[in-house]
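Beneath this line is the structure, given in structure tokens, with notes to follow.
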Amino acid sequence: MTQGYLETRRRAGKAAPRFRLGAVVALALVLSAAPGLRAEPILSDRELFIKGKQASDALDWARSLKFLYAYLQRNPVALDEVPGHRLQVEGALLAAESSIDDTFRQHAELERQVAGASEAASLPDLQDVPRLDQPQGLSEARPRRAQAGLLDEFDQLMVSDFLVDPGRYVRVESERLSRSTFNTRQKGVFVLPAARRNKGIAILVTNRRVHGKLLFSWGLPGDGRELSLILESVTLYDKVRDPRSVRRTQRIVVPPSLAVDLDSGRISDDEAADLRFRNMDGQIMFIEATNGARLEFPMASLCTWCR
């Protein structure tokens with residue numbers, strides 16, 4: 001694959017969110033422990049690159065995305081110091097994404113044409129294998145984790161298919177989560193940057209049928225009032241399959257025994273409310289869905305491969 005082709009693909013990628021559908025599909029396969037894509041041991045920068053290149057050369061696009069995306073997140077010095085290296089890696093990721101997109105589109109077309117077929121016909125792969133030259137001096141060191149802080153699974157992994165059906169990928173608690181269950185089973189399990197490390201996560205559908213996700217904690221608001229539920233970040237997708245339809249709201253403080261309409265971000269105790277904070281006695285506390293909204297609380301990290 002020529003350098004000019006990669007540059008063209010890279011510019012095209014800037015017109016839409018990069019590594020979108022393909023990355024989500026490949027990561028979903030990895031995270032759901034699909035056959036042949038089980039979690040790998042901790043790898044060095046060099047091992048990540050080699051495995052990504054081997055998968056790319058073999059046209060194994062899902063594994064290529066897995067390793068090269070982790071390599072890019074690891075951010076080795078070579079990405080910025082070796083001329084053209086970052087462009088090659090990003091080009092290979094875009095090529096893998098394109099191939100997976102094409103495969104799934106053709107698979108969907110085959111399913112429409114061959115009703116009841118137990119196995120789809122083989123699908124053509126992208127003919128051009130992306131060029132990946134291994135730079136000298138890649139680190140052989142194996143970090144305890146792939147530089148936690150560079151990856152934020154709340155922002156980068158909890159998208160699209162996961163928002164529609166999180167229980168397909170990880171264990172979830174539905175509709176209600178107590179603070180004690182959060183402290184013992186959810187707190188600290190996700191791969192998040194330091195500022196978010198011990199926050200809770202909920203996947204939601206509002207009572208207006210809008211999908212989304214939220215990051216929450218319990219704490220004292222700035223005025224020092226009684227313990228409140230703090231929604232650190234609420235992300236809603238008017239069209240869950242289209243990441244361009246995103247709406248974000250930062251820091252909503254929900255006082256005890258009150259509720260919030262997540263569609264508007266307004267504290268409300270009427271039928272528009274989606275989420276309620278119940279404080280029974282200062283010790284027993286719940287975050288729960290209300291008025292037909294839905295909450296699901298993932299109880300395990302998606303990111304088994306980057307630990």
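We name chains A, B, ... following the order of the structure tokens; residues begin at 1 in each chain, and ligands are numbered from 1 as shown.
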Exercise: Val234 in chain A partners within 9 Å, only C-alpha atoms, chain neighbours under 3 positions left out, as a ChimeraX atom specification: /A:212-216,231,247-252,262,265
Please write the residues from the selection above to a file, keeping N, CA and C atoms, as a CSV table (one decimal), in the first residue's frame.
```
chain,number,residue,atom,x,y,z
A,212,GLY,N,-27.6,6.1,26.2
A,212,GLY,CA,-26.4,6.9,26.7
A,212,GLY,C,-25.7,6.1,27.8
A,213,LYS,N,-24.8,6.9,28.4
A,213,LYS,CA,-24.0,6.4,29.5
A,213,LYS,C,-23.7,7.5,30.5
A,214,LEU,N,-23.4,7.2,31.7
A,214,LEU,CA,-23.1,8.2,32.7
A,214,LEU,C,-22.0,7.7,33.6
A,215,LEU,N,-21.2,8.7,34.1
A,215,LEU,CA,-20.2,8.4,35.1
A,215,LEU,C,-20.6,9.1,36.4
A,216,PHE,N,-20.6,8.4,37.5
A,216,PHE,CA,-21.1,9.0,38.7
A,216,PHE,C,-20.3,8.7,39.9
A,231,LEU,N,-23.5,13.2,39.2
A,231,LEU,CA,-23.3,12.7,37.8
A,231,LEU,C,-22.2,13.5,37.2
A,247,ARG,N,-24.7,14.2,22.7
A,247,ARG,CA,-25.0,15.3,23.6
A,247,ARG,C,-24.3,15.0,25.0
A,248,ARG,N,-23.5,16.0,25.5
A,248,ARG,CA,-22.8,15.7,26.8
A,248,ARG,C,-23.2,16.8,27.8
A,249,THR,N,-23.4,16.3,29.0
A,249,THR,CA,-23.7,17.2,30.2
A,249,THR,C,-22.7,16.9,31.3
A,250,GLN,N,-22.1,17.9,31.8
A,250,GLN,CA,-21.1,17.7,32.9
A,250,GLN,C,-21.7,18.1,34.2
A,251,ARG,N,-21.4,17.2,35.2
A,251,ARG,CA,-21.6,17.5,36.6
A,251,ARG,C,-23.0,18.0,37.0
A,252,ILE,N,-23.9,17.0,37.2
A,252,ILE,CA,-25.2,17.3,37.7
A,252,ILE,C,-25.3,16.7,39.2
A,262,LEU,N,-32.6,13.1,32.6
A,262,LEU,CA,-31.4,13.0,31.9
A,262,LEU,C,-31.5,13.6,30.5
A,265,GLY,N,-31.2,17.3,31.6
A,265,GLY,CA,-30.2,17.6,32.7
A,265,GLY,C,-30.8,18.4,33.8
```
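In this structure, CA of Trp218 in chain A sits 5.7 Å away from CA of Ile230 in chain A.
Of the listed residues (A:Gly91, A:Pro221, A:Gly200, A:Gly292), A:Gly200 comes nearest to Gln186 in chain A; the distances count only C-alpha atoms.
Counting from CA of Pro135 in chain A, the distance to CA of Gln156 in chain A is 27.0 Å.
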Atom pair CA of Phe49 in chain A / CA of Gln134 in chain A: separation (Å): 7.5 Å
Non-local contacts of Ala259 in chain A (7 Å; only C-alpha atoms; under 3 positions in same chain excluded) as an MDAnalysis selection string: chainID A and resid 254 267:269 273 275:277
Restricted to all heavy atoms, what would the selected residues look like written as a PDB file, in the first residue's frame?
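Result file selection-v4.pdb:
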```pdb
ATOM      1  N   VAL A 254     -27.351  15.615  42.276  1.00  0.00           N
ATOM      2  CA  VAL A 254     -28.707  15.163  42.595  1.00  0.00           C
ATOM      3  C   VAL A 254     -28.817  15.035  44.115  1.00  0.00           C
ATOM      4  O   VAL A 254     -28.221  14.133  44.723  1.00  0.00           O
ATOM      5  CB  VAL A 254     -29.015  13.802  41.943  1.00  0.00           C
ATOM      6  CG1 VAL A 254     -30.479  13.438  42.170  1.00  0.00           C
ATOM      7  CG2 VAL A 254     -28.689  13.835  40.446  1.00  0.00           C
ATOM      8  N   ILE A 267     -32.961  18.771  37.351  1.00  0.00           N
ATOM      9  CA  ILE A 267     -33.439  18.097  38.555  1.00  0.00           C
ATOM     10  C   ILE A 267     -34.961  18.160  38.542  1.00  0.00           C
ATOM     11  O   ILE A 267     -35.560  19.228  38.392  1.00  0.00           O
ATOM     12  CB  ILE A 267     -32.886  18.757  39.833  1.00  0.00           C
ATOM     13  CG1 ILE A 267     -31.364  18.705  39.847  1.00  0.00           C
ATOM     14  CG2 ILE A 267     -33.451  18.077  41.077  1.00  0.00           C
ATOM     15  CD1 ILE A 267     -30.795  17.314  39.855  1.00  0.00           C
ATOM     16  N   SER A 268     -35.583  16.997  38.666  1.00  0.00           N
ATOM     17  CA  SER A 268     -37.037  16.925  38.506  1.00  0.00           C
ATOM     18  C   SER A 268     -37.564  15.753  39.308  1.00  0.00           C
ATOM     19  O   SER A 268     -36.912  14.730  39.420  1.00  0.00           O
ATOM     20  CB  SER A 268     -37.395  16.762  37.023  1.00  0.00           C
ATOM     21  OG  SER A 268     -38.743  16.418  36.860  1.00  0.00           O
ATOM     22  N   ASP A 269     -38.752  15.913  39.849  1.00  0.00           N
ATOM     23  CA  ASP A 269     -39.368  14.806  40.579  1.00  0.00           C
ATOM     24  C   ASP A 269     -40.696  14.418  39.932  1.00  0.00           C
ATOM     25  O   ASP A 269     -41.562  13.835  40.576  1.00  0.00           O
ATOM     26  CB  ASP A 269     -39.583  15.199  42.047  1.00  0.00           C
ATOM     27  CG  ASP A 269     -39.674  13.978  42.954  1.00  0.00           C
ATOM     28  OD1 ASP A 269     -39.225  12.900  42.520  1.00  0.00           O
ATOM     29  OD2 ASP A 269     -40.204  14.097  44.067  1.00  0.00           O
ATOM     30  N   ALA A 273     -38.595  12.485  34.932  1.00  0.00           N
ATOM     31  CA  ALA A 273     -37.345  12.017  35.541  1.00  0.00           C
ATOM     32  C   ALA A 273     -36.986  10.610  35.069  1.00  0.00           C
ATOM     33  O   ALA A 273     -37.857   9.770  34.844  1.00  0.00           O
ATOM     34  CB  ALA A 273     -37.464  12.044  37.057  1.00  0.00           C
ATOM     35  N   LEU A 275     -33.830   9.074  36.481  1.00  0.00           N
ATOM     36  CA  LEU A 275     -32.931   8.485  37.478  1.00  0.00           C
ATOM     37  C   LEU A 275     -33.216   9.117  38.831  1.00  0.00           C
ATOM     38  O   LEU A 275     -33.372  10.334  38.930  1.00  0.00           O
ATOM     39  CB  LEU A 275     -31.482   8.744  37.050  1.00  0.00           C
ATOM     40  CG  LEU A 275     -30.337   8.283  37.940  1.00  0.00           C
ATOM     41  CD1 LEU A 275     -29.092   8.061  37.088  1.00  0.00           C
ATOM     42  CD2 LEU A 275     -30.002   9.320  39.022  1.00  0.00           C
ATOM     43  N   ARG A 276     -33.277   8.268  39.856  1.00  0.00           N
ATOM     44  CA  ARG A 276     -33.553   8.755  41.203  1.00  0.00           C
ATOM     45  C   ARG A 276     -32.427   8.343  42.149  1.00  0.00           C
ATOM     46  O   ARG A 276     -31.874   7.255  42.032  1.00  0.00           O
ATOM     47  CB  ARG A 276     -34.881   8.188  41.710  1.00  0.00           C
ATOM     48  CG  ARG A 276     -35.284   8.658  43.109  1.00  0.00           C
ATOM     49  CD  ARG A 276     -36.638   8.107  43.501  1.00  0.00           C
ATOM     50  NE  ARG A 276     -37.685   8.575  42.609  1.00  0.00           N
ATOM     51  CZ  ARG A 276     -38.274   9.772  42.700  1.00  0.00           C
ATOM     52  NH1 ARG A 276     -37.907  10.612  43.658  1.00  0.00           N
ATOM     53  NH2 ARG A 276     -39.213  10.118  41.847  1.00  0.00           N
ATOM     54  N   PHE A 277     -32.112   9.241  43.087  1.00  0.00           N
ATOM     55  CA  PHE A 277     -31.139   8.946  44.137  1.00  0.00           C
ATOM     56  C   PHE A 277     -31.896   8.771  45.442  1.00  0.00           C
ATOM     57  O   PHE A 277     -32.513   9.713  45.939  1.00  0.00           O
ATOM     58  CB  PHE A 277     -30.126  10.079  44.251  1.00  0.00           C
ATOM     59  CG  PHE A 277     -29.218   9.982  45.457  1.00  0.00           C
ATOM     60  CD1 PHE A 277     -28.729   8.765  45.897  1.00  0.00           C
ATOM     61  CD2 PHE A 277     -28.849  11.126  46.143  1.00  0.00           C
ATOM     62  CE1 PHE A 277     -27.894   8.680  47.002  1.00  0.00           C
ATOM     63  CE2 PHE A 277     -28.008  11.061  47.245  1.00  0.00           C
ATOM     64  CZ  PHE A 277     -27.525   9.836  47.684  1.00  0.00           C
TER      65      PHE A 277
END
```
All strand (DSSP E or B) residues (DSSP, backbone) inside range 182-300 of chain A, as a VMD selection string: chain A and resid 200 to 205 211 to 219 228 to 237 246 to 254 259 to 261 266 to 267 275 to 279 285 to 289 294 to 298
Residues within 12 Å of Asp238 in chain A, only C-alpha atoms, excluding chain neighbours under 6 positions, as a list in words: Ser160, Val205, Thr206, Arg208, Arg209, Val210, His211, Gly212, Arg244, Ser245, Val246, Arg247, Arg248 and Asp263 of chain A
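Closest to Ala96 in chain A among A:Glu296, A:Asp57, A:Asp133, A:Glu81 is A:Asp57, based on only C-alpha atoms.
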